[in-house]
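The structure file coords.txt is reproduced below (compact mmCIF, C-alpha atoms).
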# COMPACT_ATOMS: atom_id res chain seq x y z
CA MET A 1 14.04 -29.39 -16.33
CA THR A 2 11.84 -26.77 -14.63
CA GLU A 3 10.59 -23.61 -16.27
CA SER A 4 12.81 -21.64 -13.90
CA ALA A 5 15.94 -23.47 -15.09
CA ARG A 6 15.17 -22.69 -18.73
CA ILE A 7 15.08 -18.91 -18.20
CA ARG A 8 18.30 -16.96 -18.83
CA CYS A 9 19.53 -14.53 -16.22
CA ARG A 10 18.72 -10.90 -17.03
CA GLY A 11 22.27 -9.98 -16.03
CA CYS A 12 24.89 -12.61 -16.86
CA ARG A 13 22.74 -14.69 -19.26
CA GLY A 14 23.30 -17.80 -17.13
CA THR A 15 20.76 -20.60 -17.25
CA THR A 16 20.84 -21.97 -13.69
CA MET A 17 17.99 -20.21 -11.95
CA THR A 18 16.36 -21.05 -8.62
CA THR A 19 12.92 -19.86 -7.51
CA VAL A 20 13.06 -18.20 -4.08
CA LEU A 21 9.58 -16.63 -3.90
CA ASP A 22 6.44 -17.59 -5.80
CA LEU A 23 3.25 -15.58 -5.22
CA GLY A 24 1.29 -17.41 -7.91
CA LYS A 25 -1.14 -15.44 -10.06
CA MET A 26 -1.43 -11.77 -9.17
CA PRO A 27 -2.88 -8.58 -10.66
CA ALA A 28 -0.52 -6.20 -12.44
CA ALA A 29 0.80 -3.75 -9.87
CA ASP A 30 0.88 -0.76 -12.23
CA HIS A 31 -2.62 -0.97 -13.69
CA PHE A 32 -5.35 0.62 -11.58
CA PRO A 33 -8.74 -0.17 -13.18
CA SER A 34 -11.68 2.20 -13.06
CA ILE A 35 -13.90 1.63 -10.06
CA VAL A 36 -16.76 0.75 -12.42
CA THR A 37 -14.74 -1.96 -14.20
CA PRO A 38 -15.53 -5.45 -12.86
CA ILE A 39 -12.68 -7.71 -11.81
CA SER A 40 -11.80 -10.23 -14.52
CA ALA A 41 -9.71 -13.40 -14.56
CA SER A 42 -7.26 -11.74 -16.94
CA GLU A 43 -6.70 -8.94 -14.39
CA THR A 44 -5.56 -11.32 -11.69
CA GLY A 45 -3.84 -13.95 -13.82
CA HIS A 46 -0.21 -12.80 -14.04
CA SER A 47 2.58 -14.97 -12.64
CA LEU A 48 4.67 -13.21 -9.98
CA ARG A 49 7.87 -15.01 -9.05
CA MET A 50 11.39 -14.12 -7.93
CA ASP A 51 14.31 -16.21 -9.21
CA ARG A 52 17.97 -16.08 -8.23
CA CYS A 53 20.80 -16.70 -10.67
CA SER A 54 23.28 -19.21 -9.27
CA GLY A 55 26.01 -17.72 -11.46
CA CYS A 56 25.94 -14.01 -10.59
CA GLY A 57 23.56 -13.96 -7.62
CA LEU A 58 21.11 -11.51 -9.19
CA ALA A 59 17.59 -11.80 -7.78
CA GLN A 60 15.10 -11.00 -10.51
CA LEU A 61 11.53 -11.07 -11.74
CA ALA A 62 11.16 -14.44 -13.46
CA GLN A 63 8.70 -13.28 -16.11
CA ASP A 64 6.32 -10.44 -16.82
CA ASP A 65 3.44 -10.58 -19.26
CA THR A 66 1.87 -7.32 -18.05
CA ARG A 67 1.78 -4.00 -19.88
CA ALA A 68 3.45 -1.12 -18.10
CA ALA A 69 0.86 1.55 -17.38
CA GLU A 70 2.20 2.99 -14.18
CA PRO A 71 0.78 6.42 -13.24
CA HIS A 72 3.38 8.71 -11.72
CA GLY A 73 2.76 9.09 -8.03
CA VAL A 74 3.39 12.14 -5.88
CA GLU A 75 7.00 12.02 -4.70
CA PRO A 76 7.04 11.66 -0.90
CA GLN A 77 8.92 14.19 1.21
CA ALA A 78 11.06 11.35 2.57
CA LEU A 79 12.34 10.65 -0.95
CA ARG A 80 13.11 14.32 -1.60
CA ASP A 81 14.93 14.64 1.72
CA GLN A 82 17.00 11.55 1.03
CA ALA A 83 17.97 12.81 -2.45
CA ALA A 84 19.27 16.04 -0.95
CA ASP A 85 21.19 14.08 1.68
CA ALA A 86 22.68 11.78 -0.98
CA VAL A 87 23.93 14.62 -3.17
CA ALA A 88 25.36 16.38 -0.11
CA ARG A 89 27.27 13.23 0.92
CA VAL A 90 28.70 12.71 -2.55
CA ALA A 91 29.74 16.36 -2.73
CA ALA A 92 31.32 16.18 0.74
CA ALA A 93 33.40 13.25 -0.48
CA GLY A 94 34.75 15.52 -3.23
CA LEU A 95 33.36 13.42 -6.06
CA LEU A 96 31.27 15.91 -8.04
CA HIS A 97 33.74 16.88 -10.75
CA GLY A 98 33.04 18.44 -14.14
CA GLY A 99 29.94 20.33 -15.16
CA THR A 100 27.58 18.06 -17.07
CA VAL A 101 24.98 15.63 -15.77
CA ARG A 102 22.62 13.08 -17.25
CA GLU A 103 19.78 11.33 -15.43
CA PHE A 104 18.11 8.01 -16.19
CA GLY A 105 14.66 8.57 -14.70
CA SER A 106 12.33 6.26 -12.84
CA PRO A 107 8.65 5.64 -13.65
CA HIS A 108 7.97 6.58 -10.03
CA GLY A 109 8.92 10.18 -10.78
CA GLY A 110 11.32 12.42 -8.91
CA THR A 111 14.60 13.92 -10.12
CA TRP A 112 17.98 14.91 -8.74
CA LEU A 113 18.72 17.36 -11.56
CA PRO A 114 17.72 20.51 -9.62
CA LEU A 115 20.09 19.46 -6.83
CA LEU A 116 22.94 19.21 -9.33
CA ALA A 117 21.91 22.47 -11.03
CA ARG A 118 22.46 24.26 -7.71
CA ARG A 119 26.04 22.99 -7.90
CA ASP A 120 26.45 24.48 -11.41
CA PHE A 121 25.90 21.29 -13.39
CA THR A 122 24.04 21.47 -16.68
CA VAL A 123 22.24 18.66 -18.46
CA ALA A 124 24.38 17.12 -21.20
CA ALA A 125 22.75 17.83 -24.54
CA ALA A 126 24.57 14.93 -26.20
CA GLY A 127 27.36 12.46 -25.54
CA ALA A 128 28.71 11.32 -22.21
CA ALA A 129 28.28 13.30 -19.00
CA ASP A 130 30.57 13.91 -16.04
CA VAL A 131 27.93 12.69 -13.59
CA VAL A 132 25.27 10.12 -14.47
CA LEU A 133 22.35 9.52 -12.12
CA ASP A 134 19.99 6.59 -11.70
CA CYS A 135 17.74 6.59 -8.65
CA PHE A 136 15.49 3.49 -8.61
CA GLY A 137 15.30 3.57 -12.40
CA ILE A 138 17.48 0.70 -13.55
CA MET A 139 15.37 -1.96 -11.83
CA HIS A 140 12.66 -1.25 -14.42
CA GLU A 141 14.85 -2.49 -17.30
CA PRO A 142 14.07 -6.07 -18.45
CA ASP A 143 17.54 -6.47 -19.98
CA GLN A 144 19.83 -5.72 -17.06
CA ARG A 145 23.08 -6.35 -18.91
CA ALA A 146 22.13 -3.86 -21.63
CA ALA A 147 20.89 -1.30 -19.08
CA PHE A 148 24.19 -1.24 -17.18
CA ARG A 149 26.16 -0.99 -20.40
CA GLU A 150 23.99 1.93 -21.53
CA ARG A 151 24.64 3.82 -18.31
CA ALA A 152 28.35 3.09 -18.50
CA ALA A 153 28.44 4.45 -22.06
CA ALA A 154 26.67 7.62 -20.86
CA THR A 155 29.40 8.24 -18.25
CA ALA A 156 32.44 10.27 -19.34
CA GLU A 157 35.88 8.63 -19.23
CA ASN A 158 36.72 10.24 -15.87
CA GLY A 159 33.09 10.56 -14.83
CA LEU A 160 31.00 9.22 -11.97
CA LEU A 161 28.01 6.90 -12.22
CA LEU A 162 25.63 7.04 -9.24
CA ILE A 163 23.09 4.23 -8.87
CA GLN A 164 20.65 4.04 -5.97
CA TYR A 165 18.72 0.86 -5.25
CA HIS A 166 16.49 -0.76 -2.66
CA SER A 167 18.79 -3.27 -1.04
CA LEU A 168 17.98 -6.97 -1.41
CA ALA A 169 19.46 -7.44 2.07
CA THR A 170 16.88 -5.00 3.42
CA ILE A 171 14.07 -6.77 1.59
CA VAL A 172 15.06 -10.07 3.20
CA ALA A 173 15.98 -8.82 6.68
CA SER A 174 12.83 -6.68 7.00
CA GLY A 175 10.47 -9.18 5.39
CA GLN A 176 9.63 -6.82 2.52
CA TRP A 177 8.55 -9.66 0.22
CA ASN A 178 6.00 -7.42 -1.49
CA ALA A 179 8.80 -5.37 -3.02
CA LEU A 180 8.45 -8.09 -5.68
CA ARG A 181 6.17 -6.73 -8.35
CA HIS A 182 5.61 -6.65 -12.08
CA GLY A 183 7.77 -4.07 -13.82
CA HIS A 184 10.58 -4.38 -11.25
CA PHE A 185 12.98 -6.73 -12.97
CA ALA A 186 15.96 -6.80 -10.59
CA TYR A 187 16.58 -6.81 -6.82
CA TYR A 188 20.20 -5.98 -6.11
CA SER A 189 22.73 -7.05 -3.57
CA LEU A 190 25.94 -5.05 -3.75
CA SER A 191 27.76 -8.21 -4.79
CA SER A 192 25.46 -8.78 -7.78
CA LEU A 193 25.63 -5.08 -8.67
CA GLN A 194 29.43 -5.28 -8.70
CA ARG A 195 29.25 -8.06 -11.29
CA LEU A 196 26.85 -6.11 -13.49
CA LEU A 197 29.10 -3.04 -13.33
CA ALA A 198 32.20 -5.12 -14.06
CA ASP A 199 30.54 -6.53 -17.16
CA ALA A 200 30.03 -2.92 -18.28
CA GLY A 201 33.69 -2.07 -17.60
CA MET A 202 33.11 -0.19 -14.34
CA THR A 203 34.01 -0.62 -10.67
CA ALA A 204 31.92 0.20 -7.62
CA VAL A 205 34.22 2.35 -5.47
CA TRP A 206 31.91 3.99 -2.93
CA ALA A 207 28.74 2.92 -1.11
CA TRP A 208 26.44 5.00 1.05
CA ARG A 209 23.52 3.56 3.04
CA PHE A 210 20.26 5.41 3.78
CA ASP A 211 17.30 4.51 5.98
CA LEU A 212 14.77 5.12 3.18
CA TYR A 213 12.52 2.07 2.61
CA GLY A 214 14.25 0.38 5.52
CA GLY A 215 17.63 0.47 3.79
CA THR A 216 18.71 1.74 0.39
CA VAL A 217 22.22 1.95 -1.03
CA LEU A 218 23.81 4.54 -3.30
CA VAL A 219 26.82 3.26 -5.24
CA GLY A 220 29.41 5.42 -6.94
CA ALA A 221 31.23 3.74 -9.84
CA VAL A 222 34.02 4.70 -12.22
CA HIS A 223 35.40 3.27 -15.45
CA GLY A 224 38.09 0.60 -15.33
CA PRO A 225 39.75 -1.12 -12.39
CA ALA A 226 39.92 0.84 -9.13
CA GLN A 227 40.42 0.21 -5.43
CA PRO A 228 37.08 0.21 -3.61
CA ASP A 229 36.66 2.44 -0.59
CA ASP A 230 36.24 0.80 2.84
CA SER A 231 32.54 1.59 2.59
CA VAL A 232 32.14 -1.06 -0.11
CA GLY A 233 33.69 -3.78 2.02
CA ALA A 234 31.54 -2.78 4.99
CA ALA A 235 28.38 -2.90 2.86
CA LEU A 236 29.29 -6.32 1.48
CA ALA A 237 29.89 -7.70 4.98
CA ALA A 238 26.60 -6.26 6.27
CA GLU A 239 24.54 -7.79 3.47
CA ALA A 240 26.20 -11.23 3.43
CA PRO A 241 23.91 -12.98 5.98
CA HIS A 242 20.77 -11.87 4.09
CA VAL A 243 21.51 -12.55 0.42
CA HIS A 244 22.44 -16.22 0.30
CA PRO A 245 19.83 -18.64 -1.13
CA ALA A 246 18.59 -19.99 2.21
CA ALA A 247 17.88 -16.47 3.48
CA LEU A 248 16.06 -15.56 0.27
CA ARG A 249 13.82 -18.60 0.53
CA GLY A 250 12.59 -17.26 3.87
CA LEU A 251 10.65 -14.62 1.93
CA GLN A 252 8.02 -17.23 1.04
CA ARG A 253 7.28 -17.96 4.69
CA THR A 254 7.24 -14.25 5.50
CA ALA A 255 4.75 -13.55 2.69
CA ASP A 256 2.34 -16.21 3.91
CA GLN A 257 2.58 -15.04 7.52
CA HIS A 258 2.20 -11.37 6.59
CA ALA A 259 -0.92 -11.97 4.53
CA ALA A 260 -2.45 -14.12 7.28
CA ALA A 261 -1.72 -11.48 9.93
CA LEU A 262 -3.31 -8.68 7.89
CA ARG A 263 -6.31 -10.82 6.98
CA GLY A 264 -6.88 -11.69 10.63
CA TRP A 265 -6.55 -8.08 11.79
CA LEU A 266 -8.93 -6.73 9.12
CA HIS A 267 -11.58 -9.32 9.90
CA THR A 268 -11.21 -8.69 13.64
CA GLN A 269 -11.85 -4.96 13.20
CA ALA A 270 -14.80 -5.62 10.90
CA GLY A 271 -16.22 -8.05 13.46
CA ARG A 272 -16.00 -5.30 16.08
CA GLY A 273 -17.91 -2.93 13.81
CA LEU A 274 -14.89 -0.69 13.24
CA ARG A 275 -14.20 1.00 9.90
CA VAL A 276 -10.73 0.58 8.43
CA TYR A 277 -9.37 2.68 5.57
CA ALA A 278 -5.83 2.66 4.16
CA TYR A 279 -3.44 5.31 2.95
CA GLY A 280 -1.06 4.75 0.04
CA ALA A 281 -2.16 3.00 -3.16
CA ALA A 282 1.41 1.80 -3.52
CA SER A 283 2.52 -1.00 -5.82
CA ARG A 284 3.66 -3.09 -2.87
CA ALA A 285 0.12 -3.01 -1.44
CA VAL A 286 -1.27 -4.75 -4.54
CA ALA A 287 0.19 -8.20 -3.86
CA LEU A 288 -0.42 -7.84 -0.12
CA PHE A 289 -4.12 -7.02 -0.49
CA SER A 290 -4.53 -9.77 -3.06
CA LEU A 291 -2.79 -12.42 -0.96
CA ALA A 292 -4.71 -11.31 2.15
CA GLY A 293 -8.05 -11.42 0.31
CA ALA A 294 -8.86 -7.81 1.18
CA HIS A 295 -12.19 -6.37 -0.02
CA ARG A 296 -14.54 -3.46 0.73
CA GLY A 297 -16.22 -5.43 3.47
CA VAL A 298 -13.09 -5.19 5.61
CA LEU A 299 -11.17 -2.29 4.02
CA THR A 300 -13.48 0.51 2.93
CA ALA A 301 -11.14 2.53 0.69
CA VAL A 302 -7.52 3.53 0.09
CA ALA A 303 -6.59 7.21 0.06
CA ASP A 304 -3.71 8.44 -2.09
CA ALA A 305 -2.20 11.83 -2.89
CA SER A 306 -2.01 11.02 -6.61
CA SER A 307 -5.10 12.46 -8.27
CA GLY A 308 -4.49 10.17 -11.25
CA LYS A 309 -5.53 7.20 -9.11
CA HIS A 310 -8.75 8.70 -7.77
CA GLY A 311 -11.87 7.04 -9.17
CA HIS A 312 -9.92 3.83 -9.69
CA ARG A 313 -9.58 0.77 -7.49
CA MET A 314 -6.81 -1.37 -6.10
CA PRO A 315 -5.94 -4.02 -8.70
CA GLY A 316 -7.64 -7.35 -8.14
CA THR A 317 -10.02 -5.93 -5.50
CA ASP A 318 -13.18 -3.85 -5.26
CA ILE A 319 -11.49 -1.35 -2.93
CA PRO A 320 -11.79 2.21 -4.30
CA ILE A 321 -8.97 4.77 -4.28
CA ILE A 322 -10.06 8.13 -2.90
CA ALA A 323 -8.62 11.58 -2.23
CA PRO A 324 -7.15 12.35 1.21
CA ALA A 325 -9.96 14.88 1.81
CA GLU A 326 -12.49 12.06 1.51
CA LEU A 327 -10.53 10.02 4.02
CA ILE A 328 -10.58 12.84 6.55
CA ALA A 329 -14.29 13.43 6.02
CA ALA A 330 -15.02 9.72 6.59
CA ARG A 331 -13.58 9.82 10.13
CA PRO A 332 -12.40 6.19 10.06
CA ASP A 333 -11.56 4.23 13.18
CA PHE A 334 -8.21 3.13 11.76
CA VAL A 335 -6.04 4.13 8.80
CA LEU A 336 -3.66 1.40 7.62
CA LEU A 337 -0.49 3.04 6.27
CA THR A 338 0.95 0.86 3.52
CA LEU A 339 4.39 2.60 3.49
CA ALA A 340 5.99 3.20 6.89
CA ASP A 341 8.31 5.90 5.48
CA LEU A 342 5.28 8.14 4.93
CA LEU A 343 4.30 8.28 8.63
CA PRO A 344 6.03 11.58 9.57
CA GLU A 345 4.70 13.25 6.42
CA VAL A 346 1.08 12.10 6.72
CA ARG A 347 0.95 12.87 10.43
CA ALA A 348 2.09 16.42 9.67
CA CYS A 349 -0.29 16.83 6.72
CA TYR A 350 -3.39 15.28 8.28
CA PRO A 351 -3.49 16.07 12.02
CA GLU A 352 -7.22 15.23 11.95
CA LEU A 353 -6.20 11.55 11.77
CA ASP A 354 -3.96 11.54 14.84
CA GLY A 355 -4.49 8.45 16.94
CA ARG A 356 -5.88 6.45 14.00
CA TRP A 357 -2.71 5.51 12.13
CA VAL A 358 -1.77 1.84 11.98
CA VAL A 359 1.40 0.90 10.10
CA ASP A 360 1.46 -2.24 7.97
CA ASP A 361 4.09 -4.71 9.20
CA PRO A 362 4.96 -8.32 8.26
CA HIS A 363 4.18 -9.34 11.85
CA GLY A 364 0.81 -7.61 11.81
CA PRO A 365 -0.40 -3.99 11.82
CA ARG A 366 1.11 -1.86 14.60
CA LYS A 367 0.08 1.47 16.05
CA GLY A 368 1.67 4.42 14.29
CA ASP A 369 1.28 7.07 17.00

Rewrite the coordinates I just gave you, this time as C-alpha cells.
Amino acid sequence: MTESARIRCRGCRGTTMTTVLDLGKMPAADHFPSIVTPISASETGHSLRMDRCSGCGLAQLAQDDTRAAEPHGVEPQALRDQAADAVARVAAAGLLHGGTVREFGSPHGGTWLPLLARRDFTVAAAGAADVVLDCFGIMHEPDQRAAFRERAAATAENGLLLIQYHSLATIVASGQWNALRHGHFAYYSLSSLQRLLADAGMTAVWAWRFDLYGGTVLVGAVHGPAQPDDSVGAALAAEAPHVHPAALRGLQRTADQHAAALRGWLHTQAGRGLRVYAYGAASRAVALFSLAGAHRGVLTAVADASSGKHGHRMPGTDIPIIAPAELIAARPDFVLLTLADLLPEVRACYPELDGRWVVDDPHGPRKGD
C-alpha cells in the first residue's frame, strides 16, 4: 500500500487516494526568508503533492509540514473589480435578502464587506447571518469537511452562502500546475464542491463564472434540498472534460515542460547579456522558480507591491524581492510578470516599463505588450 492510499480524504474521509501531481521537495510558499539568510536544506525539503480522492473527486494537498507565515499581499485591482462584479450579479439575481452578513476571510487579504455595507448589510455580531461570504478562504482549511460544516452553521435558515474558488478545471485546462502550494489544501471542481456542501446539509443552486485567474467560480448555496439553476448544469458540463483523473495527470507533464521552457528562456537572455527582472512575488512563482532552477545569475530580482516582502528573497533561491521603484530605476531589459491578471494594472501604474513586459506562460514567456 502506498503512502497516498493510506491518507484519508480531507472531505469525505475516504481512503482511496491517487497522486496526480508530485513536485517533490519544495520550499514553503508562504515563508519569505530575509535576503541575508542562507538557503538551508530544511527550507527546500517540504513534500508538495496533489492527490485526488476516488470517492468524492476532491483534489487536495496530500500533506503539509510547513508553518503558515503568509504575509498579506496588496490586493490587486483585478480582484477588487471582480468582487464588485460578483456582488452586482448576485444582487441582480435578487438573492441578497435580509440584513446581516458574515465573512470568512482569506490569508491573501481583501474583503467584500464594504460592498455589502453599501447595500445596507451589517456584520452579524453573533449567531447565523443572512449572507455568508467566503472568497478564496476555504481552500486554506486542512479539514475540509469541518470547514464546510462551519460555514453552513454560520448561514441563517433561509440564508445564502457564497463561496468563490479557483476552478480545478481552469487549473488543468490552462496548465496552472503551480496553483498547487503549501497552505492550499483543496482544489475544487463544482462536482466535488457539491458533495462537500451536501455533507453540510446544503445545495449549490447558482454558479457564476469569472475570468479572474483564468477562470474562477462563485457558487450560491442554500440549506436543504433545492432545484439547481441551469447555471449549475452548464458549469458541470463545461468542467467535465478537465476534472477526470486522466486530465489531472496531465499536470505533471505540463509542470515539467513549463519549468524547462522558463529555464531555457532565462538562460538565453543571460547568454545575450540581457537583464531580466520579475514582478510579483506570488506563491505560485515559488514552485516555478524552484523547479526551473532560477537564481540571481539569470533573474536579478523580483519586484512586489507588498512592502512586507521587501528585503526578503524568493523561497529556495537567492533572488531578492525589491520595491517597484527599484525595478523602474534598474531599467531592466525584460520584466517577467508572474501573474497575467496583473498586466493591465502594472502597465497603467508603471508606464516607464512599457515594451519590457513578458508574461509567464506554461508554453514559455510571451510578450505582454

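Relative to CA of Trp112 in chain A, CA of Ile138 in chain A is found at 15.0 Å.
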
Problem - Sphere at (22.6, 5.3, -2.0), radius 10 Å, counting only C-alpha atoms: residues as a list of chain:residue names - result: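 Those residues lying close to the given coordinates are A:Gln82, A:Ala83, A:Asp85, A:Ala86, A:Val87, A:Arg89, A:Val90, A:Cys135, A:Phe136, A:Leu162, A:Ile163, A:Gln164, A:Tyr165, A:His166, A:Ser167, A:Trp206, A:Ala207, A:Trp208, A:Arg209, A:Phe210, A:Asp211, A:Leu212, A:Gly215, A:Thr216, A:Val217, A:Leu218, A:Val219, A:Gly220.
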
Got time to write the residues from that selection, C-alpha atoms, as an mmCIF file, in the coordinates of the input?
data_model
loop_
_atom_site.group_PDB
_atom_site.id
_atom_site.type_symbol
_atom_site.label_atom_id
_atom_site.label_comp_id
_atom_site.auth_asym_id
_atom_site.auth_seq_id
_atom_site.Cartn_x
_atom_site.Cartn_y
_atom_site.Cartn_z
ATOM 1 C CA GLN A 82 17.000 11.550 1.030
ATOM 2 C CA ALA A 83 17.970 12.810 -2.450
ATOM 3 C CA ASP A 85 21.190 14.080 1.680
ATOM 4 C CA ALA A 86 22.680 11.780 -0.980
ATOM 5 C CA VAL A 87 23.930 14.620 -3.170
ATOM 6 C CA ARG A 89 27.270 13.230 0.920
ATOM 7 C CA VAL A 90 28.700 12.710 -2.550
ATOM 8 C CA CYS A 135 17.740 6.590 -8.650
ATOM 9 C CA PHE A 136 15.490 3.490 -8.610
ATOM 10 C CA LEU A 162 25.630 7.040 -9.240
ATOM 11 C CA ILE A 163 23.090 4.230 -8.870
ATOM 12 C CA GLN A 164 20.650 4.040 -5.970
ATOM 13 C CA TYR A 165 18.720 0.860 -5.250
ATOM 14 C CA HIS A 166 16.490 -0.760 -2.660
ATOM 15 C CA SER A 167 18.790 -3.270 -1.040
ATOM 16 C CA TRP A 206 31.910 3.990 -2.930
ATOM 17 C CA ALA A 207 28.740 2.920 -1.110
ATOM 18 C CA TRP A 208 26.440 5.000 1.050
ATOM 19 C CA ARG A 209 23.520 3.560 3.040
ATOM 20 C CA PHE A 210 20.260 5.410 3.780
ATOM 21 C CA ASP A 211 17.300 4.510 5.980
ATOM 22 C CA LEU A 212 14.770 5.120 3.180
ATOM 23 C CA GLY A 215 17.630 0.470 3.790
ATOM 24 C CA THR A 216 18.710 1.740 0.390
ATOM 25 C CA VAL A 217 22.220 1.950 -1.030
ATOM 26 C CA LEU A 218 23.810 4.540 -3.300
ATOM 27 C CA VAL A 219 26.820 3.260 -5.240
ATOM 28 C CA GLY A 220 29.410 5.420 -6.940
#

Practice task
For the point (28.2, -5.8, -10.5) in the file's frame, write as a list in words all residues with an atom no more than 10 Å away, counting only C-alpha atoms.
Solution key: Gly11, Cys12, Cys56, Gly57, Leu58, Arg145, Phe148, Tyr188, Ser189, Leu190, Ser191, Ser192, Leu193, Gln194, Arg195, Leu196, Leu197, Ala198, Asp199, Ala200, Gly201, Met202, Thr203 and Ala204 of chain A

Problem - Closest of A:Gly183, A:Gly159, A:Pro315, A:Pro362 to Thr44 in chain A - atom-to-atom distances counting only C-alpha atoms - result: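 Closest to Thr44 in chain A, using only C-alpha atoms: A:Pro315.
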
Handout entry: His310 in chain A surroundings by all atoms listed in the file, 8 Å radius, close-in-sequence under 6 positions cut, as number ranges by chain
Key = A: 304, 320-323

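The coordinates place CA of Gly110 in chain A at 22.5 Å from CA of Ala92 in chain A.
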